[in-house]
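These notes are about the structure you will find just below.
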Amino acid sequence: MITKKVNNVQDAIKGIESGMTIMFGGFGLCGIPENTIAALVNTSISDLTCISNNAGVDDFGLGLLLQKKQIKKMISSYVGENAEFERQMLSGELEVELTPQGTLAERCRAAQAGIPAFFTPAGYGTEVAEGKEAREFNGKMHIMEHAFKADFAIVKAWKGDEAGNLIFKGTARNFNACMAGAGKITIAEVEELVPVGTLDPNQIHIPGIMVQRIFQGEKFEKRIEQRTVRIR
Amino acid sequence: MALSKEDIAKRIAKEVKDRYFVNLGIGIPTLVANYVREDIAVEFQSENGVLGMGPFPFEGEEDADIINAGKQTITTLPGASFFDSAFSFGMIRSQKVDLTILGAMEVSENGDIANWKIPGKMVKGMGGAMDLVASAENIIVAMMHVNKAGESKILKRCTLPLTGVGCVKKVVTELAVLEVTEKGFKLLERAPGVSVEHIIASTEADLIIEGEIPEMSI
């Protein structure tokens with residue numbers, strides 16, 4: 001067994017430098033690598049290009065890195081209700097590349113799968129298609145999109161073992177499973193790091209070969225963005 | 001009388017057929033799930049990675065790891081499954097999802113839709129909307145007929161940056177049900193008590209009106 005275990009988040013983020021491109025898993029606040037983000041907020045690393053579906057909220061997740069102006073560019077599909085993200089984008093302080101969500105996911109998956117580019121119909125005829133090669137397949141127009149190139153991919157899983165095998169829970173799988181292995185180095189933070197041999201190989205979502213560093217997060221706040229309930 | 005948002009959702013629910021897989025957007029579309037007939041089998045997909053979405057959880061049973069694309073806490077029904085984002089849009093692009101219902105800022109008579117950006121003022125992002133409208137075979141838009149300034153959102157040509165081209169099949173507003181045809185918008189139904197004249201006056205695009213226009217049954 002080749003171990004991927006690092007002792008803590010500080011060891012996990014070694015080598016992350018200003019100006020790098022980093023993928024962050026999660027959808028909204030669901031399944032974000034919150035321990036790694038918190039550790040990055042406490043560094044002076046800046047000018048990051050971040051690939052993430054969202055940028056957290058104003059006071060949590062990637063929103064914290066935005067607040068500290070550590071991000072130069074965001075590649076995302078949704079700004080939504082993140083006021084600081086919208087403000088920095090509209091004022092021009094932050095460079096933003098908005099990408100259709102399925103294209104964003106596939107650009108991660110393509111990087112993970114060693115495919116340099118692909119064609120998708122999403123965005124054809126819109127400003128997303130500007131400057132991109134368009135081709136007709138089966139009577140329908142598609143545009144060419146490229147795989148991402150990232151220095152680090154940072155993902156969060158429910159359970160993992162020292163071999164780097166990962167299991168996700170619920171909709172927290174989202175972009176995490178597409179980004180694992182999509183960067184030069186993949187860091188996985190897990191809620192529970194279990195001894196090898198504990199996880200059933202049949203149940204592994206991401207095999208350990210995709211993960212270079214794994215650690216158990218110190219604490220998970222797991223904030224809920226829109227708490228919606230029904231009356232009993 | 002113009003329909004409430006709930007009534008728009010109720011009318012759209014009638015478009016949901018037995019054995020449909022359906023993707024619901026944020027806002028009015030989310031409400032559609034509340035009004036689908038109980039005697040048909042329908043599964044709701046949410047693009048963040050769940051099929052077989054159920055109702056909101058009871059208080060105290062919320063799980064931060066189980067949400068929909070609107071980031072709301074949800075539950076799952078028996079037979080549900082979770083998957084990653086790439087897989088989720090795979091099932092959308094390969095047209096496994098039968099019906100997409102989403103909101104819009106503008107729709108044009110050739111079926112173009114705009115719903116993600118007002119240049120210089122507001123940028124929400126397209127989220128999964130561009131992928132959904134580029135691939136879904138059946139797209140219904142749920143929206144208000146006019147904006148807050150009283151201007152028609154049903155146009156000859158969209159003025160805002162597009163989300164997709166020539167994709168919308170039907171539009172349901174508080175005033176009317178419109179079908180996008182090769183010749184433009186066809187008025188199918190009007191809200192109870194709303195006159196055809198009122199709909200024409202509230203619509204920038206031309207309307208094809210054939211014979212008596214029935215009232216919607218809600």
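As shown in the structure tokens, the chain order sets the letters A, B, ...; within each chain, residues go from 1, and ligands are also counted from 1 in the order they appear.
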
Under the rule of at most 12 Å, produce a per-residue listing of segment 132-201 of chain A near segment 100-104 of chain A: chain, number, name, the closest pair of atoms, and the distance in Å, as JSON lines, using only C-alpha atoms.
{"residue": "A:His142", "atom": "CA", "partner": "A:Thr103", "partner_atom": "CA", "distance": 11.7}
{"residue": "A:Ile143", "atom": "CA", "partner": "A:Thr103", "partner_atom": "CA", "distance": 10.3}
{"residue": "A:Met144", "atom": "CA", "partner": "A:Thr103", "partner_atom": "CA", "distance": 10.0}
{"residue": "A:Glu145", "atom": "CA", "partner": "A:Thr103", "partner_atom": "CA", "distance": 7.5}
{"residue": "A:His146", "atom": "CA", "partner": "A:Thr103", "partner_atom": "CA", "distance": 9.3}
{"residue": "A:Ala147", "atom": "CA", "partner": "A:Leu104", "partner_atom": "CA", "distance": 9.1}
{"residue": "A:Phe148", "atom": "CA", "partner": "A:Leu104", "partner_atom": "CA", "distance": 8.8}
{"residue": "A:Asn174", "atom": "CA", "partner": "A:Gln101", "partner_atom": "CA", "distance": 11.0}
{"residue": "A:Phe175", "atom": "CA", "partner": "A:Leu104", "partner_atom": "CA", "distance": 9.1}
{"residue": "A:Cys178", "atom": "CA", "partner": "A:Leu104", "partner_atom": "CA", "distance": 9.7}
{"residue": "A:Met179", "atom": "CA", "partner": "A:Leu104", "partner_atom": "CA", "distance": 10.3}

Pick out the residues sitting within 6 Å of segment 69-85 of chain A, and hand them over as a PDB file with N, CA, C and O atoms, in the first residue's frame; count only C-alpha atoms, and ignore anything fewer than 2 positions along from it in its own chain.
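Saved the output as result-v9.pdb:
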ATOM      1  N   SER A  46      -1.468  34.662  -2.519  1.00  0.00           N
ATOM      2  CA  SER A  46      -2.425  35.515  -3.228  1.00  0.00           C
ATOM      3  C   SER A  46      -2.359  35.261  -4.730  1.00  0.00           C
ATOM      4  O   SER A  46      -1.641  34.369  -5.187  1.00  0.00           O
ATOM      5  N   ASP A  47      -3.112  36.060  -5.468  1.00  0.00           N
ATOM      6  CA  ASP A  47      -3.155  35.951  -6.939  1.00  0.00           C
ATOM      7  C   ASP A  47      -3.548  34.551  -7.418  1.00  0.00           C
ATOM      8  O   ASP A  47      -3.060  34.085  -8.450  1.00  0.00           O
ATOM      9  N   LEU A  48      -4.416  33.911  -6.683  1.00  0.00           N
ATOM     10  CA  LEU A  48      -4.826  32.564  -7.056  1.00  0.00           C
ATOM     11  C   LEU A  48      -5.867  32.605  -8.170  1.00  0.00           C
ATOM     12  O   LEU A  48      -6.690  33.524  -8.232  1.00  0.00           O
ATOM     13  N   THR A  49      -5.801  31.621  -9.046  1.00  0.00           N
ATOM     14  CA  THR A  49      -6.900  31.369  -9.965  1.00  0.00           C
ATOM     15  C   THR A  49      -7.653  30.185  -9.388  1.00  0.00           C
ATOM     16  O   THR A  49      -7.069  29.116  -9.191  1.00  0.00           O
ATOM     17  N   CYS A  50      -8.923  30.385  -9.073  1.00  0.00           N
ATOM     18  CA  CYS A  50      -9.692  29.326  -8.425  1.00  0.00           C
ATOM     19  C   CYS A  50     -10.766  28.792  -9.357  1.00  0.00           C
ATOM     20  O   CYS A  50     -11.539  29.560  -9.932  1.00  0.00           O
ATOM     21  N   ILE A  51     -10.793  27.489  -9.500  1.00  0.00           N
ATOM     22  CA  ILE A  51     -11.830  26.819 -10.281  1.00  0.00           C
ATOM     23  C   ILE A  51     -12.785  26.190  -9.275  1.00  0.00           C
ATOM     24  O   ILE A  51     -12.415  25.292  -8.527  1.00  0.00           O
ATOM     25  N   SER A  52     -13.998  26.721  -9.232  1.00  0.00           N
ATOM     26  CA  SER A  52     -14.969  26.222  -8.265  1.00  0.00           C
ATOM     27  C   SER A  52     -16.351  26.630  -8.742  1.00  0.00           C
ATOM     28  O   SER A  52     -16.521  27.744  -9.236  1.00  0.00           O
ATOM     29  N   ASN A  53     -17.327  25.766  -8.602  1.00  0.00           N
ATOM     30  CA  ASN A  53     -18.665  26.089  -9.119  1.00  0.00           C
ATOM     31  C   ASN A  53     -19.184  27.408  -8.575  1.00  0.00           C
ATOM     32  O   ASN A  53     -19.770  28.201  -9.291  1.00  0.00           O
ATOM     33  N   ASN A  54     -18.970  27.628  -7.263  1.00  0.00           N
ATOM     34  CA  ASN A  54     -19.394  28.872  -6.625  1.00  0.00           C
ATOM     35  C   ASN A  54     -18.192  29.441  -5.882  1.00  0.00           C
ATOM     36  O   ASN A  54     -17.133  28.837  -5.868  1.00  0.00           O
ATOM     37  N   VAL A  57     -20.068  31.741   0.354  1.00  0.00           N
ATOM     38  CA  VAL A  57     -20.891  32.912   0.680  1.00  0.00           C
ATOM     39  C   VAL A  57     -19.954  33.960   1.258  1.00  0.00           C
ATOM     40  O   VAL A  57     -18.768  33.710   1.438  1.00  0.00           O
ATOM     41  N   ASP A  58     -20.480  35.146   1.543  1.00  0.00           N
ATOM     42  CA  ASP A  58     -19.627  36.251   1.979  1.00  0.00           C
ATOM     43  C   ASP A  58     -18.676  35.877   3.112  1.00  0.00           C
ATOM     44  O   ASP A  58     -17.520  36.264   3.103  1.00  0.00           O
ATOM     45  N   LEU A  65     -11.588  33.740   1.148  1.00  0.00           N
ATOM     46  CA  LEU A  65     -10.401  34.069   0.338  1.00  0.00           C
ATOM     47  C   LEU A  65     -10.661  35.313  -0.522  1.00  0.00           C
ATOM     48  O   LEU A  65      -9.756  36.112  -0.755  1.00  0.00           O
ATOM     49  N   LEU A  66     -11.914  35.451  -0.962  1.00  0.00           N
ATOM     50  CA  LEU A  66     -12.283  36.646  -1.742  1.00  0.00           C
ATOM     51  C   LEU A  66     -12.174  37.894  -0.888  1.00  0.00           C
ATOM     52  O   LEU A  66     -11.622  38.912  -1.310  1.00  0.00           O
ATOM     53  N   GLN A  67     -12.703  37.789   0.320  1.00  0.00           N
ATOM     54  CA  GLN A  67     -12.665  38.931   1.243  1.00  0.00           C
ATOM     55  C   GLN A  67     -11.245  39.425   1.477  1.00  0.00           C
ATOM     56  O   GLN A  67     -10.990  40.619   1.550  1.00  0.00           O
ATOM     57  N   ARG A  87     -19.788  42.096  -6.325  1.00  0.00           N
ATOM     58  CA  ARG A  87     -19.219  43.444  -6.260  1.00  0.00           C
ATOM     59  C   ARG A  87     -17.823  43.489  -6.887  1.00  0.00           C
ATOM     60  O   ARG A  87     -17.546  44.339  -7.735  1.00  0.00           O
ATOM     61  N   GLN A  88     -16.944  42.545  -6.501  1.00  0.00           N
ATOM     62  CA  GLN A  88     -15.576  42.525  -7.041  1.00  0.00           C
ATOM     63  C   GLN A  88     -15.570  42.278  -8.547  1.00  0.00           C
ATOM     64  O   GLN A  88     -14.734  42.802  -9.267  1.00  0.00           O
ATOM     65  N   LEU A  94     -11.882  41.708  -9.656  1.00  0.00           N
ATOM     66  CA  LEU A  94     -11.723  40.263  -9.788  1.00  0.00           C
ATOM     67  C   LEU A  94     -12.011  39.865 -11.222  1.00  0.00           C
ATOM     68  O   LEU A  94     -13.006  40.283 -11.806  1.00  0.00           O
ATOM     69  N   GLU A  95     -11.109  39.047 -11.765  1.00  0.00           N
ATOM     70  CA  GLU A  95     -11.343  38.507 -13.099  1.00  0.00           C
ATOM     71  C   GLU A  95     -12.270  37.309 -12.936  1.00  0.00           C
ATOM     72  O   GLU A  95     -12.057  36.490 -12.041  1.00  0.00           O
ATOM     73  N   VAL A  96     -13.282  37.216 -13.777  1.00  0.00           N
ATOM     74  CA  VAL A  96     -14.219  36.096 -13.645  1.00  0.00           C
ATOM     75  C   VAL A  96     -14.476  35.465 -15.005  1.00  0.00           C
ATOM     76  O   VAL A  96     -14.756  36.164 -15.975  1.00  0.00           O
ATOM     77  N   GLU A  97     -14.337  34.156 -15.060  1.00  0.00           N
ATOM     78  CA  GLU A  97     -14.719  33.415 -16.262  1.00  0.00           C
ATOM     79  C   GLU A  97     -15.932  32.578 -15.888  1.00  0.00           C
ATOM     80  O   GLU A  97     -15.821  31.612 -15.140  1.00  0.00           O
ATOM     81  N   LEU A  98     -17.102  32.999 -16.380  1.00  0.00           N
ATOM     82  CA  LEU A  98     -18.306  32.227 -16.087  1.00  0.00           C
ATOM     83  C   LEU A  98     -18.476  31.146 -17.141  1.00  0.00           C
ATOM     84  O   LEU A  98     -18.398  31.411 -18.340  1.00  0.00           O
ATOM     85  N   THR A  99     -18.678  29.938 -16.672  1.00  0.00           N
ATOM     86  CA  THR A  99     -18.724  28.753 -17.524  1.00  0.00           C
ATOM     87  C   THR A  99     -19.979  27.955 -17.192  1.00  0.00           C
ATOM     88  O   THR A  99     -20.293  27.805 -16.018  1.00  0.00           O
ATOM     89  N   PRO A 100     -20.689  27.456 -18.193  1.00  0.00           N
ATOM     90  CA  PRO A 100     -21.853  26.617 -17.878  1.00  0.00           C
ATOM     91  C   PRO A 100     -21.453  25.469 -16.942  1.00  0.00           C
ATOM     92  O   PRO A 100     -20.366  24.911 -17.086  1.00  0.00           O
ATOM     93  N   GLN A 101     -22.337  25.161 -16.024  1.00  0.00           N
ATOM     94  CA  GLN A 101     -21.991  24.205 -14.971  1.00  0.00           C
ATOM     95  C   GLN A 101     -21.583  22.824 -15.503  1.00  0.00           C
ATOM     96  O   GLN A 101     -20.641  22.209 -14.997  1.00  0.00           O
TER      97      GLN A 101
ATOM     98  N   LYS B 124     -25.768  36.860 -12.158  1.00  0.00           N
ATOM     99  CA  LYS B 124     -26.057  35.700 -11.311  1.00  0.00           C
ATOM    100  C   LYS B 124     -25.195  34.519 -11.730  1.00  0.00           C
ATOM    101  O   LYS B 124     -24.905  33.645 -10.938  1.00  0.00           O
ATOM    102  N   GLY B 125     -24.842  34.489 -13.000  1.00  0.00           N
ATOM    103  CA  GLY B 125     -24.178  33.315 -13.550  1.00  0.00           C
ATOM    104  C   GLY B 125     -25.213  32.399 -14.161  1.00  0.00           C
ATOM    105  O   GLY B 125     -26.386  32.444 -13.808  1.00  0.00           O
ATOM    106  N   MET B 126     -24.745  31.565 -15.086  1.00  0.00           N
ATOM    107  CA  MET B 126     -25.693  30.690 -15.785  1.00  0.00           C
ATOM    108  C   MET B 126     -25.947  29.408 -15.028  1.00  0.00           C
ATOM    109  O   MET B 126     -26.912  28.720 -15.318  1.00  0.00           O
ATOM    110  N   GLY B 127     -25.097  29.076 -14.064  1.00  0.00           N
ATOM    111  CA  GLY B 127     -25.269  27.794 -13.385  1.00  0.00           C
ATOM    112  C   GLY B 127     -25.391  26.691 -14.420  1.00  0.00           C
ATOM    113  O   GLY B 127     -24.619  26.640 -15.378  1.00  0.00           O
TER     114      GLY B 127
END

Tell me, counting only C-alpha atoms, for each residue of chain A within 8 Å of chain B, which pair of atoms is nearest and how far apart they are in Å to one decimal, in rows ordered by chain and increasing number, as a Markdown table.
| residue | atom | partner | partner_atom | distance |
| --- | --- | --- | --- | --- |
| A:Phe27 | CA | B:Asn48 | CA | 7.0 |
| A:Gly28 | CA | B:Lys71 | CA | 6.5 |
| A:Cys30 | CA | B:Asp65 | CA | 5.9 |
| A:Gly31 | CA | B:Asp65 | CA | 6.9 |
| A:Ser77 | CA | B:Gly127 | CA | 4.6 |
| A:Tyr78 | CA | B:Gly125 | CA | 4.3 |
| A:Val79 | CA | B:Lys124 | CA | 5.1 |
| A:Gly80 | CA | B:Lys124 | CA | 4.8 |
| A:Glu81 | CA | B:Lys124 | CA | 7.6 |
| A:Glu86 | CA | B:Val123 | CA | 6.7 |
| A:Leu90 | CA | B:Gly120 | CA | 6.4 |
| A:Leu98 | CA | B:Gly125 | CA | 6.5 |
| A:Thr99 | CA | B:Met126 | CA | 7.4 |
| A:Pro100 | CA | B:Gly128 | CA | 5.7 |
| A:Gln101 | CA | B:Gly128 | CA | 4.6 |
| A:Gly102 | CA | B:Phe89 | CA | 5.1 |
| A:Thr103 | CA | B:Asp131 | CA | 7.5 |
| A:Ala105 | CA | B:Ala86 | CA | 4.8 |
| A:Glu106 | CA | B:Ala86 | CA | 5.4 |
| A:Arg109 | CA | B:Ala86 | CA | 6.7 |
| A:Pro121 | CA | B:Ala134 | CA | 5.7 |
| A:Ala122 | CA | B:Asp131 | CA | 4.5 |
| A:Gly123 | CA | B:Met130 | CA | 5.6 |
| A:Tyr124 | CA | B:Gly164 | CA | 7.1 |
| A:Gly125 | CA | B:Val165 | CA | 6.2 |
| A:Thr126 | CA | B:Leu162 | CA | 5.3 |
| A:Glu127 | CA | B:Pro161 | CA | 7.1 |
| A:Lys169 | CA | B:Asp65 | CA | 6.6 |
| A:Gly170 | CA | B:Ile66 | CA | 5.4 |
| A:Thr171 | CA | B:Ile66 | CA | 5.3 |
| A:Ala172 | CA | B:Asp65 | CA | 5.3 |
| A:Arg173 | CA | B:Asp84 | CA | 5.4 |
| A:Asn174 | CA | B:Asp84 | CA | 4.3 |
| A:Phe175 | CA | B:Ser85 | CA | 5.5 |
| A:Asn176 | CA | B:Asp84 | CA | 7.6 |
| A:Ala177 | CA | B:Asp84 | CA | 6.0 |
| A:Cys178 | CA | B:Ala86 | CA | 6.5 |
| A:Lys222 | CA | B:Ala64 | CA | 6.1 |
| A:Arg223 | CA | B:Ala64 | CA | 6.6 |
| A:Ile224 | CA | B:Ala64 | CA | 5.4 |
| A:Glu225 | CA | B:Lys71 | CA | 6.0 |
| A:Gln226 | CA | B:Gln72 | CA | 4.6 |
| A:Arg227 | CA | B:Thr73 | CA | 5.6 |
| A:Thr228 | CA | B:Thr73 | CA | 5.5 |
| A:Val229 | CA | B:Pro57 | CA | 5.0 |
| A:Arg230 | CA | B:Phe58 | CA | 5.1 |
| A:Ile231 | CA | B:Phe58 | CA | 6.2 |
| A:Arg232 | CA | B:Phe58 | CA | 6.2 |

Keeping only N, CA and C atoms, write the selected residues as a compact mmCIF listing (two decimals), in the first residue's frame.
# COMPACT_ATOMS: atom_id res chain seq x y z
N PHE A 27 -20.38 22.31 -3.95
CA PHE A 27 -21.47 22.99 -4.67
C PHE A 27 -22.15 23.87 -3.64
N GLY A 28 -22.10 25.19 -3.84
CA GLY A 28 -22.55 26.07 -2.77
C GLY A 28 -21.63 25.81 -1.58
N CYS A 30 -21.98 22.96 0.13
CA CYS A 30 -22.11 21.51 0.32
C CYS A 30 -20.86 20.80 -0.19
N GLY A 31 -20.14 20.15 0.73
CA GLY A 31 -18.97 19.38 0.33
C GLY A 31 -17.75 20.22 0.02
N SER A 77 -19.52 28.78 -12.30
CA SER A 77 -20.76 28.84 -13.08
C SER A 77 -21.79 29.76 -12.44
N TYR A 78 -21.63 30.00 -11.15
CA TYR A 78 -22.70 30.71 -10.45
C TYR A 78 -22.17 31.65 -9.39
N VAL A 79 -22.62 32.89 -9.45
CA VAL A 79 -22.26 33.90 -8.46
C VAL A 79 -23.32 33.90 -7.38
N GLY A 80 -24.57 33.87 -7.86
CA GLY A 80 -25.72 33.77 -6.96
C GLY A 80 -25.80 34.90 -5.96
N GLU A 81 -25.93 34.52 -4.72
CA GLU A 81 -26.23 35.49 -3.68
C GLU A 81 -24.96 35.99 -2.98
N GLU A 86 -20.03 39.32 -6.45
CA GLU A 86 -20.66 40.14 -7.48
C GLU A 86 -20.04 41.54 -7.51
N LEU A 90 -18.14 43.09 -10.72
CA LEU A 90 -18.67 44.25 -11.44
C LEU A 90 -17.71 45.44 -11.40
N LEU A 98 -17.10 33.00 -16.38
CA LEU A 98 -18.31 32.23 -16.09
C LEU A 98 -18.48 31.15 -17.14
N THR A 99 -18.68 29.94 -16.67
CA THR A 99 -18.72 28.75 -17.52
C THR A 99 -19.98 27.95 -17.19
N PRO A 100 -20.69 27.46 -18.19
CA PRO A 100 -21.85 26.62 -17.88
C PRO A 100 -21.45 25.47 -16.94
N GLN A 101 -22.34 25.16 -16.02
CA GLN A 101 -21.99 24.20 -14.97
C GLN A 101 -21.58 22.82 -15.50
N GLY A 102 -22.29 22.35 -16.50
CA GLY A 102 -21.95 21.04 -17.07
C GLY A 102 -20.61 21.08 -17.78
N THR A 103 -20.31 22.21 -18.39
CA THR A 103 -19.02 22.39 -19.06
C THR A 103 -17.90 22.45 -18.02
N ALA A 105 -17.93 21.05 -15.09
CA ALA A 105 -17.75 19.69 -14.57
C ALA A 105 -16.97 18.83 -15.57
N GLU A 106 -17.33 18.97 -16.84
CA GLU A 106 -16.69 18.14 -17.86
C GLU A 106 -15.23 18.57 -18.09
N ARG A 109 -13.55 16.78 -15.43
CA ARG A 109 -13.52 15.34 -15.73
C ARG A 109 -12.52 15.03 -16.85
N PRO A 121 -22.87 21.16 -26.64
CA PRO A 121 -23.80 22.14 -27.19
C PRO A 121 -24.04 23.33 -26.24
N ALA A 122 -23.64 23.17 -24.97
CA ALA A 122 -23.94 24.22 -23.99
C ALA A 122 -23.23 25.52 -24.33
N GLY A 123 -23.99 26.58 -24.42
CA GLY A 123 -23.41 27.90 -24.66
C GLY A 123 -23.32 28.28 -26.12
N TYR A 124 -23.65 27.35 -27.03
CA TYR A 124 -23.62 27.73 -28.44
C TYR A 124 -24.59 28.89 -28.70
N GLY A 125 -24.14 29.89 -29.45
CA GLY A 125 -25.01 31.04 -29.75
C GLY A 125 -25.04 32.08 -28.65
N THR A 126 -24.25 31.88 -27.58
CA THR A 126 -24.19 32.86 -26.49
C THR A 126 -22.77 33.42 -26.40
N GLU A 127 -22.58 34.37 -25.48
CA GLU A 127 -21.23 34.96 -25.37
C GLU A 127 -20.19 33.96 -24.87
N LYS A 169 -20.61 11.44 0.49
CA LYS A 169 -21.96 11.25 1.03
C LYS A 169 -22.92 12.23 0.37
N GLY A 170 -24.07 11.69 -0.05
CA GLY A 170 -25.15 12.52 -0.58
C GLY A 170 -24.71 13.39 -1.74
N THR A 171 -25.26 14.60 -1.79
CA THR A 171 -24.92 15.50 -2.89
C THR A 171 -23.59 16.22 -2.65
N ALA A 172 -22.87 15.84 -1.59
CA ALA A 172 -21.53 16.42 -1.38
C ALA A 172 -20.51 15.80 -2.33
N ARG A 173 -20.96 14.83 -3.14
CA ARG A 173 -20.05 14.24 -4.13
C ARG A 173 -19.74 15.28 -5.22
N ASN A 174 -20.78 15.92 -5.70
CA ASN A 174 -20.77 16.98 -6.73
C ASN A 174 -19.46 17.11 -7.53
N PHE A 175 -18.77 18.25 -7.37
CA PHE A 175 -17.54 18.47 -8.14
C PHE A 175 -16.33 17.76 -7.53
N ASN A 176 -16.47 17.31 -6.28
CA ASN A 176 -15.33 16.66 -5.62
C ASN A 176 -14.87 15.43 -6.41
N ALA A 177 -15.85 14.64 -6.86
CA ALA A 177 -15.49 13.41 -7.57
C ALA A 177 -14.92 13.71 -8.96
N CYS A 178 -15.25 14.87 -9.52
CA CYS A 178 -14.74 15.22 -10.86
C CYS A 178 -13.34 15.85 -10.76
N LYS A 222 -19.88 22.43 8.26
CA LYS A 222 -20.94 22.00 7.33
C LYS A 222 -22.16 22.92 7.37
N ARG A 223 -21.93 24.16 7.06
CA ARG A 223 -23.02 25.13 7.08
C ARG A 223 -24.06 24.84 6.02
N ILE A 224 -25.29 25.18 6.32
CA ILE A 224 -26.40 25.03 5.37
C ILE A 224 -26.75 26.41 4.83
N GLU A 225 -26.79 26.50 3.49
CA GLU A 225 -27.03 27.81 2.88
C GLU A 225 -28.51 28.18 2.91
N GLN A 226 -29.37 27.26 2.56
CA GLN A 226 -30.82 27.51 2.53
C GLN A 226 -31.51 26.42 3.34
N ARG A 227 -31.67 26.67 4.62
CA ARG A 227 -32.33 25.66 5.45
C ARG A 227 -33.83 25.70 5.15
N THR A 228 -34.32 24.66 4.52
CA THR A 228 -35.74 24.61 4.19
C THR A 228 -36.35 23.37 4.83
N VAL A 229 -37.43 23.56 5.53
CA VAL A 229 -38.07 22.44 6.23
C VAL A 229 -39.56 22.48 5.98
N ARG A 230 -40.22 21.37 6.27
CA ARG A 230 -41.68 21.39 6.21
C ARG A 230 -42.21 21.16 7.62
N ILE A 231 -43.42 21.62 7.80
CA ILE A 231 -44.04 21.51 9.12
C ILE A 231 -44.53 20.09 9.33
N ARG A 232 -44.30 19.57 10.52
CA ARG A 232 -44.78 18.21 10.84
C ARG A 232 -46.29 18.15 10.88

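Between atom CA of Gln45 of chain B and atom CA of Cys108 of chain A there is a distance of 21.5 Å.
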
Kindly give the distance, in Å, that separates atom CA of Asn8 of chain A and atom CA of Lys219 of chain A, rounded to a single decimal.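 Computing the Euclidean distance for atom CA of Asn8 of chain A and atom CA of Lys219 of chain A yields 11.9 Å.
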
Pull the strand (DSSP E) assignments for chain B out of DSSP run on the backbone, and list those residues as a ChimeraX atom specification. /B:20-24,42-46,50-53,76-82,99-102,106-108,113-114,117-118,122-123,138-142,154-155,170-172,176-181,184-190,207-208
